[in-house]
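Visitor: Structure file final.cif (mmCIF, N, CA and C atoms) right here:
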data_input
#
loop_
_atom_site.label_atom_id
_atom_site.label_comp_id
_atom_site.auth_asym_id
_atom_site.auth_seq_id
_atom_site.Cartn_x
_atom_site.Cartn_y
_atom_site.Cartn_z
N MET V 1 86.13 -76.40 -151.63
CA MET V 1 84.84 -76.07 -151.08
C MET V 1 85.02 -75.06 -149.96
N ALA V 2 84.34 -73.93 -150.04
CA ALA V 2 84.46 -72.87 -149.06
C ALA V 2 83.79 -73.28 -147.75
N GLN V 3 84.36 -72.80 -146.65
CA GLN V 3 83.79 -73.11 -145.35
C GLN V 3 82.56 -72.26 -145.10
N GLN V 4 81.64 -72.82 -144.33
CA GLN V 4 80.44 -72.08 -143.93
C GLN V 4 80.84 -70.94 -143.00
N ILE V 5 80.30 -69.76 -143.24
CA ILE V 5 80.59 -68.63 -142.37
C ILE V 5 79.67 -68.70 -141.17
N SER V 6 80.26 -68.63 -139.98
CA SER V 6 79.49 -68.71 -138.75
C SER V 6 79.55 -67.38 -138.04
N THR V 7 78.46 -67.00 -137.42
CA THR V 7 78.45 -65.77 -136.63
C THR V 7 78.38 -66.09 -135.14
N VAL V 8 78.58 -67.34 -134.78
CA VAL V 8 78.59 -67.74 -133.37
C VAL V 8 79.79 -67.10 -132.71
N GLU V 9 79.56 -66.49 -131.56
CA GLU V 9 80.65 -65.84 -130.85
C GLU V 9 81.30 -66.81 -129.88
N LEU V 10 82.60 -66.85 -129.89
CA LEU V 10 83.35 -67.72 -128.99
C LEU V 10 83.64 -66.97 -127.69
N PRO V 11 83.76 -67.69 -126.57
CA PRO V 11 84.06 -67.02 -125.30
C PRO V 11 85.35 -66.21 -125.38
N GLY V 12 85.31 -64.99 -124.88
CA GLY V 12 86.50 -64.15 -124.82
C GLY V 12 86.85 -63.41 -126.09
N GLU V 13 86.13 -63.63 -127.17
CA GLU V 13 86.52 -62.98 -128.41
C GLU V 13 85.86 -61.62 -128.62
N ALA V 14 84.80 -61.32 -127.90
CA ALA V 14 84.07 -60.07 -128.12
C ALA V 14 84.97 -58.85 -127.94
N GLN V 15 85.79 -58.86 -126.89
CA GLN V 15 86.67 -57.72 -126.64
C GLN V 15 87.68 -57.55 -127.78
N MET V 16 88.24 -58.66 -128.26
CA MET V 16 89.20 -58.59 -129.36
C MET V 16 88.53 -58.05 -130.61
N LEU V 17 87.35 -58.55 -130.92
CA LEU V 17 86.67 -58.10 -132.13
C LEU V 17 86.30 -56.63 -132.04
N THR V 18 85.88 -56.20 -130.86
CA THR V 18 85.56 -54.79 -130.66
C THR V 18 86.82 -53.94 -130.79
N ALA V 19 87.92 -54.45 -130.26
CA ALA V 19 89.18 -53.70 -130.28
C ALA V 19 89.67 -53.46 -131.70
N ILE V 20 89.49 -54.42 -132.59
CA ILE V 20 90.02 -54.21 -133.94
C ILE V 20 89.00 -53.62 -134.89
N HIS V 21 87.74 -53.48 -134.42
CA HIS V 21 86.69 -52.82 -135.22
C HIS V 21 86.62 -53.37 -136.64
N SER V 22 86.68 -54.66 -136.76
CA SER V 22 86.72 -55.24 -138.09
C SER V 22 85.48 -56.08 -138.37
N THR V 23 84.73 -55.66 -139.36
CA THR V 23 83.58 -56.47 -139.76
C THR V 23 84.07 -57.75 -140.42
N THR V 24 85.26 -57.72 -140.98
CA THR V 24 85.84 -58.93 -141.56
C THR V 24 86.03 -59.98 -140.47
N ALA V 25 86.55 -59.57 -139.32
CA ALA V 25 86.79 -60.51 -138.23
C ALA V 25 85.49 -61.12 -137.73
N VAL V 26 84.45 -60.32 -137.63
CA VAL V 26 83.17 -60.81 -137.14
C VAL V 26 82.58 -61.86 -138.08
N SER V 27 82.81 -61.71 -139.35
CA SER V 27 82.21 -62.63 -140.32
C SER V 27 83.05 -63.87 -140.60
N LEU V 28 84.20 -64.00 -139.93
CA LEU V 28 85.04 -65.19 -140.13
C LEU V 28 84.36 -66.43 -139.56
N PRO V 29 84.67 -67.58 -140.14
CA PRO V 29 84.22 -68.84 -139.52
C PRO V 29 84.77 -68.93 -138.10
N ALA V 30 84.07 -69.65 -137.24
CA ALA V 30 84.43 -69.73 -135.82
C ALA V 30 85.87 -70.17 -135.59
N ASP V 31 86.37 -71.14 -136.36
CA ASP V 31 87.74 -71.60 -136.13
C ASP V 31 88.76 -70.53 -136.47
N PHE V 32 88.53 -69.78 -137.55
CA PHE V 32 89.45 -68.70 -137.90
C PHE V 32 89.36 -67.55 -136.89
N ARG V 33 88.14 -67.26 -136.38
CA ARG V 33 88.00 -66.23 -135.35
C ARG V 33 88.75 -66.63 -134.08
N ALA V 34 88.68 -67.91 -133.73
CA ALA V 34 89.40 -68.40 -132.55
C ALA V 34 90.91 -68.21 -132.73
N VAL V 35 91.42 -68.50 -133.92
CA VAL V 35 92.85 -68.32 -134.18
C VAL V 35 93.20 -66.83 -134.16
N LEU V 36 92.34 -65.99 -134.69
CA LEU V 36 92.56 -64.54 -134.65
C LEU V 36 92.61 -64.06 -133.20
N THR V 37 91.74 -64.59 -132.37
CA THR V 37 91.74 -64.25 -130.94
C THR V 37 93.06 -64.69 -130.30
N ALA V 38 93.55 -65.86 -130.66
CA ALA V 38 94.83 -66.33 -130.14
C ALA V 38 95.97 -65.39 -130.55
N PHE V 39 95.94 -64.92 -131.80
CA PHE V 39 96.94 -63.95 -132.26
C PHE V 39 96.82 -62.65 -131.47
N ALA V 40 95.59 -62.20 -131.20
CA ALA V 40 95.38 -60.97 -130.43
C ALA V 40 95.97 -61.11 -129.03
N THR V 41 95.78 -62.27 -128.43
CA THR V 41 96.34 -62.53 -127.10
C THR V 41 97.86 -62.50 -127.15
N TYR V 42 98.43 -63.11 -128.19
CA TYR V 42 99.89 -63.09 -128.36
C TYR V 42 100.38 -61.65 -128.45
N LEU V 43 99.71 -60.84 -129.25
CA LEU V 43 100.15 -59.46 -129.43
C LEU V 43 100.00 -58.63 -128.17
N GLU V 44 98.97 -58.92 -127.37
CA GLU V 44 98.78 -58.21 -126.10
C GLU V 44 99.94 -58.46 -125.14
N HIS V 45 100.51 -59.64 -125.20
CA HIS V 45 101.57 -60.02 -124.27
C HIS V 45 102.96 -59.82 -124.85
N ARG V 46 103.05 -59.19 -126.00
CA ARG V 46 104.32 -58.99 -126.66
C ARG V 46 104.71 -57.51 -126.63
N PRO V 47 105.39 -57.08 -125.58
CA PRO V 47 105.82 -55.69 -125.56
C PRO V 47 107.09 -55.51 -126.37
N PRO V 48 107.44 -54.35 -126.79
CA PRO V 48 106.56 -53.19 -126.84
C PRO V 48 105.86 -53.14 -128.20
N ILE V 49 104.59 -52.90 -128.17
CA ILE V 49 103.83 -52.75 -129.41
C ILE V 49 102.68 -51.81 -129.14
N SER V 50 102.44 -50.93 -130.06
CA SER V 50 101.34 -49.99 -129.89
C SER V 50 100.02 -50.67 -130.23
N ARG V 51 98.96 -50.13 -129.68
CA ARG V 51 97.63 -50.66 -130.00
C ARG V 51 97.32 -50.48 -131.48
N THR V 52 97.80 -49.39 -132.05
CA THR V 52 97.57 -49.14 -133.47
C THR V 52 98.25 -50.21 -134.32
N ALA V 53 99.49 -50.53 -133.98
CA ALA V 53 100.20 -51.57 -134.73
C ALA V 53 99.51 -52.91 -134.57
N SER V 54 99.12 -53.23 -133.35
CA SER V 54 98.45 -54.50 -133.08
C SER V 54 97.13 -54.59 -133.84
N ALA V 55 96.33 -53.52 -133.79
CA ALA V 55 95.04 -53.52 -134.49
C ALA V 55 95.24 -53.62 -136.00
N GLY V 56 96.23 -52.93 -136.53
CA GLY V 56 96.51 -53.00 -137.96
C GLY V 56 96.91 -54.39 -138.39
N ALA V 57 97.78 -55.02 -137.60
CA ALA V 57 98.21 -56.38 -137.91
C ALA V 57 97.03 -57.34 -137.84
N LEU V 58 96.17 -57.17 -136.83
CA LEU V 58 95.01 -58.05 -136.69
C LEU V 58 94.01 -57.84 -137.83
N ASP V 59 93.84 -56.60 -138.26
CA ASP V 59 92.96 -56.35 -139.41
C ASP V 59 93.50 -57.03 -140.67
N ASP V 60 94.81 -56.93 -140.87
CA ASP V 60 95.42 -57.60 -142.02
C ASP V 60 95.26 -59.11 -141.93
N LEU V 61 95.45 -59.63 -140.72
CA LEU V 61 95.32 -61.06 -140.52
C LEU V 61 93.87 -61.50 -140.74
N ALA V 62 92.91 -60.70 -140.29
CA ALA V 62 91.49 -61.03 -140.51
C ALA V 62 91.18 -61.09 -142.00
N SER V 63 91.73 -60.16 -142.76
CA SER V 63 91.52 -60.17 -144.21
C SER V 63 92.15 -61.42 -144.84
N LEU V 64 93.35 -61.75 -144.40
CA LEU V 64 94.03 -62.95 -144.89
C LEU V 64 93.21 -64.20 -144.56
N PHE V 65 92.70 -64.25 -143.33
CA PHE V 65 91.88 -65.39 -142.92
C PHE V 65 90.59 -65.46 -143.72
N ALA V 66 89.99 -64.33 -144.01
CA ALA V 66 88.75 -64.33 -144.80
C ALA V 66 89.00 -64.91 -146.19
N GLU V 67 90.11 -64.51 -146.80
CA GLU V 67 90.46 -65.05 -148.11
C GLU V 67 90.73 -66.54 -148.04
N ALA V 68 91.45 -66.96 -147.00
CA ALA V 68 91.77 -68.38 -146.84
C ALA V 68 90.51 -69.20 -146.59
N ALA V 69 89.62 -68.70 -145.75
CA ALA V 69 88.38 -69.41 -145.46
C ALA V 69 87.52 -69.53 -146.72
N ALA V 70 87.46 -68.46 -147.48
CA ALA V 70 86.67 -68.48 -148.72
C ALA V 70 87.25 -69.49 -149.72
N ALA V 71 88.57 -69.66 -149.68
CA ALA V 71 89.23 -70.62 -150.58
C ALA V 71 89.22 -72.03 -150.02
N GLY V 72 88.72 -72.19 -148.78
CA GLY V 72 88.67 -73.51 -148.17
C GLY V 72 90.01 -74.00 -147.65
N MET V 73 90.94 -73.08 -147.40
CA MET V 73 92.27 -73.46 -146.90
C MET V 73 92.20 -73.82 -145.42
N PRO V 74 92.92 -74.85 -145.02
CA PRO V 74 93.01 -75.17 -143.59
C PRO V 74 93.83 -74.09 -142.87
N ILE V 75 93.51 -73.89 -141.61
CA ILE V 75 94.22 -72.89 -140.81
C ILE V 75 95.72 -73.13 -140.81
N ARG V 76 96.16 -74.35 -140.65
CA ARG V 76 97.59 -74.65 -140.56
C ARG V 76 98.31 -74.24 -141.84
N ASP V 77 97.63 -74.30 -142.99
CA ASP V 77 98.23 -73.85 -144.25
C ASP V 77 98.45 -72.34 -144.25
N VAL V 78 97.67 -71.63 -143.46
CA VAL V 78 97.79 -70.17 -143.40
C VAL V 78 98.85 -69.75 -142.39
N VAL V 79 98.83 -70.37 -141.20
CA VAL V 79 99.72 -69.93 -140.13
C VAL V 79 100.97 -70.78 -139.97
N GLY V 80 101.05 -71.91 -140.66
CA GLY V 80 102.22 -72.76 -140.57
C GLY V 80 102.38 -73.39 -139.20
N HIS V 81 103.58 -73.90 -138.95
CA HIS V 81 103.84 -74.56 -137.67
C HIS V 81 104.47 -73.62 -136.66
N ASP V 82 104.74 -72.37 -137.05
CA ASP V 82 105.26 -71.37 -136.12
C ASP V 82 104.43 -70.10 -136.30
N PRO V 83 103.22 -70.07 -135.72
CA PRO V 83 102.35 -68.91 -135.88
C PRO V 83 102.97 -67.61 -135.39
N ALA V 84 103.85 -67.68 -134.40
CA ALA V 84 104.49 -66.45 -133.92
C ALA V 84 105.32 -65.81 -135.03
N GLU V 85 105.89 -66.61 -135.91
CA GLU V 85 106.65 -66.08 -137.04
C GLU V 85 105.73 -65.26 -137.95
N VAL V 86 104.51 -65.75 -138.15
CA VAL V 86 103.52 -65.03 -138.96
C VAL V 86 103.17 -63.70 -138.27
N ALA V 87 102.94 -63.76 -136.95
CA ALA V 87 102.61 -62.54 -136.20
C ALA V 87 103.74 -61.52 -136.29
N GLU V 88 104.96 -61.99 -136.12
CA GLU V 88 106.11 -61.08 -136.17
C GLU V 88 106.27 -60.47 -137.56
N ALA V 89 106.05 -61.25 -138.59
CA ALA V 89 106.15 -60.73 -139.96
C ALA V 89 105.10 -59.66 -140.20
N LEU V 90 103.89 -59.88 -139.70
CA LEU V 90 102.84 -58.87 -139.84
C LEU V 90 103.21 -57.59 -139.09
N LEU V 91 103.76 -57.74 -137.91
CA LEU V 91 104.13 -56.58 -137.11
C LEU V 91 105.21 -55.74 -137.76
N GLU V 92 106.07 -56.36 -138.53
CA GLU V 92 107.12 -55.60 -139.22
C GLU V 92 106.51 -54.52 -140.12
N ASN V 93 105.32 -54.77 -140.63
CA ASN V 93 104.65 -53.78 -141.47
C ASN V 93 104.25 -52.54 -140.67
N TYR V 94 104.14 -52.68 -139.36
CA TYR V 94 103.66 -51.59 -138.51
C TYR V 94 104.71 -51.11 -137.52
N ALA V 95 105.87 -51.71 -137.52
CA ALA V 95 106.88 -51.43 -136.50
C ALA V 95 107.45 -50.03 -136.57
N LEU V 96 107.75 -49.57 -137.75
CA LEU V 96 108.41 -48.28 -137.87
C LEU V 96 107.41 -47.17 -138.16
N THR V 97 107.14 -46.38 -137.16
CA THR V 97 106.32 -45.20 -137.37
C THR V 97 107.24 -44.08 -137.84
N ALA V 98 106.68 -42.97 -138.26
CA ALA V 98 107.50 -41.84 -138.70
C ALA V 98 108.41 -41.38 -137.55
N ARG V 99 107.89 -41.41 -136.32
CA ARG V 99 108.69 -41.00 -135.18
C ARG V 99 109.88 -41.94 -134.99
N ASP V 100 109.66 -43.23 -135.15
CA ASP V 100 110.75 -44.19 -135.04
C ASP V 100 111.81 -43.93 -136.10
N THR V 101 111.35 -43.67 -137.31
CA THR V 101 112.28 -43.40 -138.41
C THR V 101 113.09 -42.15 -138.13
N ASP V 102 112.45 -41.10 -137.62
CA ASP V 102 113.16 -39.87 -137.26
C ASP V 102 114.18 -40.13 -136.15
N ALA V 103 113.78 -40.89 -135.15
CA ALA V 103 114.69 -41.20 -134.05
C ALA V 103 115.90 -41.98 -134.54
N ARG V 104 115.67 -42.92 -135.45
CA ARG V 104 116.79 -43.69 -136.02
C ARG V 104 117.74 -42.78 -136.79
N ALA V 105 117.18 -41.85 -137.57
CA ALA V 105 118.01 -40.92 -138.33
C ALA V 105 118.79 -40.01 -137.39
N ASP V 106 118.15 -39.54 -136.32
CA ASP V 106 118.82 -38.69 -135.34
C ASP V 106 119.99 -39.43 -134.69
N LEU V 107 119.78 -40.69 -134.35
CA LEU V 107 120.84 -41.49 -133.74
C LEU V 107 122.01 -41.65 -134.70
N ALA V 108 121.71 -41.94 -135.96
CA ALA V 108 122.78 -42.11 -136.95
C ALA V 108 123.57 -40.81 -137.12
N ARG V 109 122.87 -39.67 -137.17
CA ARG V 109 123.57 -38.38 -137.30
C ARG V 109 124.43 -38.10 -136.08
N ALA V 110 123.91 -38.38 -134.89
CA ALA V 110 124.66 -38.14 -133.67
C ALA V 110 125.95 -38.98 -133.64
N ILE V 111 125.84 -40.22 -134.05
CA ILE V 111 127.02 -41.09 -134.09
C ILE V 111 128.02 -40.58 -135.12
N ASP V 112 127.52 -40.14 -136.28
CA ASP V 112 128.40 -39.58 -137.31
C ASP V 112 129.16 -38.37 -136.77
N VAL V 113 128.48 -37.52 -136.04
CA VAL V 113 129.12 -36.33 -135.47
C VAL V 113 130.18 -36.74 -134.45
N ILE V 114 129.82 -37.65 -133.56
CA ILE V 114 130.76 -38.09 -132.53
C ILE V 114 131.98 -38.75 -133.16
N VAL V 115 131.75 -39.63 -134.11
CA VAL V 115 132.85 -40.31 -134.76
C VAL V 115 133.72 -39.30 -135.51
N GLY V 116 133.11 -38.31 -136.14
CA GLY V 116 133.86 -37.28 -136.86
C GLY V 116 134.69 -36.44 -135.91
N GLU V 117 134.13 -36.11 -134.74
CA GLU V 117 134.84 -35.28 -133.77
C GLU V 117 136.01 -36.04 -133.14
N LEU V 118 135.83 -37.31 -132.95
CA LEU V 118 136.87 -38.11 -132.29
C LEU V 118 137.87 -38.69 -133.28
N GLY V 119 137.58 -38.51 -134.55
CA GLY V 119 138.49 -39.01 -135.58
C GLY V 119 138.46 -40.54 -135.69
N GLY V 120 137.39 -41.16 -135.24
CA GLY V 120 137.37 -42.61 -135.25
C GLY V 120 136.38 -43.15 -136.17
#
Output the file's structure as structure tokens, nothing else.
Guide:
Amino acid sequence: MAQQISTVELPGEAQMLTAIHSTTAVSLPADFRAVLTAFATYLEHRPPISRTASAGALDDLASLFAEAAAAGMPIRDVVGHDPAEVAEALLENYALTARDTDARADLARAIDVIVGELGG
């Protein structure tokens, strides 16, 4: 049985919902929105992370929550007993930007050159 969708706003969630610009998040049941807000708070306090990565992860999580709510899944079945693990897994999708990838390649090339020059 699918959960009733609530549009009641919980204290402190307006800023998070505005930040991720997600109509999916706004239409989530109140309990799932509260959990999404908790994830947003976790991501705000987890440096270093870009706002783009955080918003992307939250949008993905909102979509996942919408599917789970529609299927009538309990929150704990979605986030497990270590929600931070879920947050970290989502962030991995956004962790490497093109600039990060270029920097990693530059570092590898620099080490190759140094090792080649030193014969080691």
Visitor: Go ahead and compute the interatomic distance for CA of Ala57 (chain V) and CA of Ala69 (chain V), in Å to one decimal.
Guide: 18.0 Å
Visitor: Go ahead and find all residues with at least one atom no further than 9 Å from (101.8, -58.5, -140.6) in the file's coordinates, using only C-alpha atoms; report them as a count of residues only.
Guide: 14
Visitor: Translate the PyMOL selection byres ((chain V and resi 66) around 8), as applied to the file shown, into an explicit residue set as a ChimeraX atom specification.
Guide: /V:24-25,27-29,32,60-65,67-72
Visitor: What is the CA of Gly116 (chain V) to atom C of Arg104 (chain V) distance in Å?
Guide: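 Taking CA of Gly116 (chain V) as the start and atom C of Arg104 (chain V) as the end point, the length is 17.0 Å.
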Visitor: CA of Met73 (chain V) to atom N of Thr52 (chain V): how many Å, to one decimal?
Guide: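 Here the two named atoms are 28.8 Å from each other.
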Visitor: Which residue is closest to Val35 (chain V)? Choose from V:Ala53, V:Val115, V:Asp59, V:Pro83 and count only C-alpha atoms.
Guide: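 That would be V:Pro83, the residue with the smallest distance to Val35 (chain V).
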Visitor: With only C-alpha atoms as the basis for distance, which of V:Val26, V:Asp102, V:Ala84, V:Ala55 is at the shortest distance from Tyr42 (chain V)?
Guide: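 Of all the options, V:Ala84 lies closest to Tyr42 (chain V).
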Visitor: Hey, can I get the axis-aligned box for region 99-112 of chain V? All listed atoms, 3 Å padding on each side, centre and edge lengths in Å to one decimal, as lines of an AutoDock Vina configuration file.
Guide:
center_x = 118.5
center_y = -41.1
center_z = -136.0
size_x = 27.3
size_y = 12.1
size_z = 10.8
